[in-house]
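One structure is given here, and the rest of the page talks about it.
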Amino acid sequence: MENRVYLRAFEPDDYKISIEWRRDPQIWSMLGGTRYYVSSAYEKKWVEDTIAQTKDIKLAICLIENDLYIGNVYITDINYINRTCRSHVLIGNKDYWGNGYAGEALRQLLEFVFKERGMNRVEALVLEDNIQSIKMLKRIGYRQDGILRQSVYKNGGFKNQIVLSILASDFI
Ligand SMILES: CC(C)(COP(=O)(O)OP(=O)(O)OC[C@H]1O[C@@H](n2cnc3c(N)ncnc32)[C@H](O)[C@@H]1OP(=O)(O)O)[C@@H](O)C(=O)NCCC(=O)NCCS
């Protein structure tokens with residue numbers, strides 16, 4: 001299938017859009033990270049710091065048809081000895097959920113890290129009740145490695161996270 005999204009580096013003004021996603025309780029409830037209150041100054045600095053850093057690969061997901069910025073996709077925790085890293089994806093604009101855009105964007109970044117960064121294993125941690133994310137990752141070829149029991153405290157209780165991974169040999 002022809003691509004409908006492309007990845008690009010962050011631009012300084014992206015924070016004006018991404019701050020809405022950062023403040024969205026539904027999005028936060030799907031993520032493993034801790035919820036916090038975000039000022040526009042904080043989000044602006046986060047985007048500026050992201051533009052300046054080279055440790056992680058953090059990119060914006062945009063629609064090819066109109067360049068609309070709809071989400072983020074990252075590779076973090078890169079280990080060049082073991083050739084492992086961790087993937088993260090977020091479609092922040094909820095009008096675009098359920099169209100396969102997250103998987104399409106993540107596939108593009110996987111292609112880059114397997115072919116251009118020599119990675120062998122890409123891991124994802126997902127809250128056990130984030131069914132959409134688990135389905136999306138498995139469709140790409142991620143497989144479940146195990147469960148991190150009660151690894152996240154959220155919304156008044158402990159939650160399990162699923163560990164999934166994809167190997168270069170599963171993908172290429
Ligand atoms: C999880 C997320 C990345 C999925 O992205 P997406 O582009 O909508 O994914 P897909 O279109 O491939 O949908 C995945 C599955 O969830 C289903 N789905 C999509 N939206 C749904 C909704 N609102 N309610 C229930 N199921 C839904 C799809 O039908 C699909 O199932 P299928 O494989 O049986 O067809 C996106 O919802 C998101 O960014 N959420 C917030 C952040 C997040 O959870 N990130 C992942 C953290 S690990």
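Chains: A, B, ... in order of the structure tokens. Residues: from 1 per chain. Ligands: from 1, in order shown.
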
Write as an MDAnalysis selection string the residues around ligand 1, taking 7 Å as the cut-off and counting only C-alpha atoms and all ligand atoms.
chainID A and resid 27 30:31 88:92 96:103 124:127 130:133 135:136 139

Please, could you write that set of residues out with C-alpha atoms as a JSON list (two decimals), in the first residue's frame?
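Produced file again-v9.json, reproduced below:
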```json
[["chain", "number", "residue", "atom", "x", "y", "z"],
["A", 27, "ILE", "CA", -4.10, 9.96, 25.65],
["A", 30, "MET", "CA", -3.12, 4.99, 27.38],
["A", 31, "LEU", "CA", 0.54, 5.76, 28.09],
["A", 88, "HIS", "CA", 7.13, 4.74, 21.07],
["A", 89, "VAL", "CA", 4.30, 6.06, 18.88],
["A", 90, "LEU", "CA", 1.44, 8.43, 19.43],
["A", 91, "ILE", "CA", -1.28, 9.68, 17.10],
["A", 92, "GLY", "CA", -2.21, 12.82, 19.03],
["A", 96, "TYR", "CA", -6.97, 10.12, 12.77],
["A", 97, "TRP", "CA", -7.20, 7.09, 15.06],
["A", 98, "GLY", "CA", -8.26, 3.79, 13.55],
["A", 99, "ASN", "CA", -6.74, 4.39, 10.11],
["A", 100, "GLY", "CA", -3.53, 2.44, 10.54],
["A", 101, "TYR", "CA", -1.40, 5.62, 10.63],
["A", 102, "ALA", "CA", 0.53, 4.66, 13.79],
["A", 103, "GLY", "CA", 1.65, 1.37, 12.28],
["A", 124, "ALA", "CA", 7.91, -1.64, 23.08],
["A", 125, "LEU", "CA", 6.26, -1.44, 26.50],
["A", 126, "VAL", "CA", 2.48, -1.14, 26.42],
["A", 127, "LEU", "CA", -0.12, -0.94, 29.17],
["A", 130, "ASN", "CA", -4.10, -0.54, 25.54],
["A", 131, "ILE", "CA", -5.60, -3.05, 23.11],
["A", 132, "GLN", "CA", -5.32, -0.69, 20.12],
["A", 133, "SER", "CA", -1.59, -0.37, 20.59],
["A", 135, "LYS", "CA", -3.02, -4.94, 17.98],
["A", 136, "MET", "CA", -1.12, -2.32, 15.97],
["A", 139, "ARG", "CA", 0.24, -6.40, 12.98]]
```

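Using only C-alpha atoms, the residues found no farther than 9 Å from A:Glu111, other than those of its own chain fewer than 5 positions away, are Leu106, Glu116, Phe171 and Ile172 of chain A.
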
Which is closer to A:Leu7 than all the others in A:Gln53, A:Gln108, A:Ser169, A:Gln161, using only C-alpha atoms?
A:Gln108

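Counting only C-alpha atoms and comparing A:Ala105, A:Ala9, A:Ile70, A:Ile17, the residue that lies closest to A:Asp56 is A:Ala9.
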
Run DSSP on the backbone and grab whatever in stretch 23-168 of chain A lands in alpha helix (DSSP H); send it over as a ChimeraX atom specification.
/A:25-30,40-52,101-116,131-140,168

Which polymer residues have any atom within 10 Å of an atom of A:Glu11, counting only C-alpha atoms, with same-chain residues fewer than 3 positions away left out, as a list in words?
Arg8, Asp14, Tyr15, Val47, Glu48, Thr50, Ile51, Leu59 and Ala60 of chain A

Please produce a file of the residues just selected, as a compact mmCIF listing (two decimals), in the first residue's frame, where the atoms kept are C-alpha atoms.
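Produced file part.txt, reproduced below:
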```
# COMPACT_ATOMS: atom_id res chain seq x y z
CA ARG A 8 10.09 14.70 9.60
CA ASP A 14 5.14 22.07 16.65
CA TYR A 15 4.69 22.63 20.39
CA VAL A 47 10.45 20.68 21.36
CA GLU A 48 13.55 22.92 21.27
CA THR A 50 14.34 17.58 21.08
CA ILE A 51 15.47 19.46 17.97
CA LEU A 59 10.15 12.59 14.72
CA ALA A 60 6.84 14.18 13.77
```
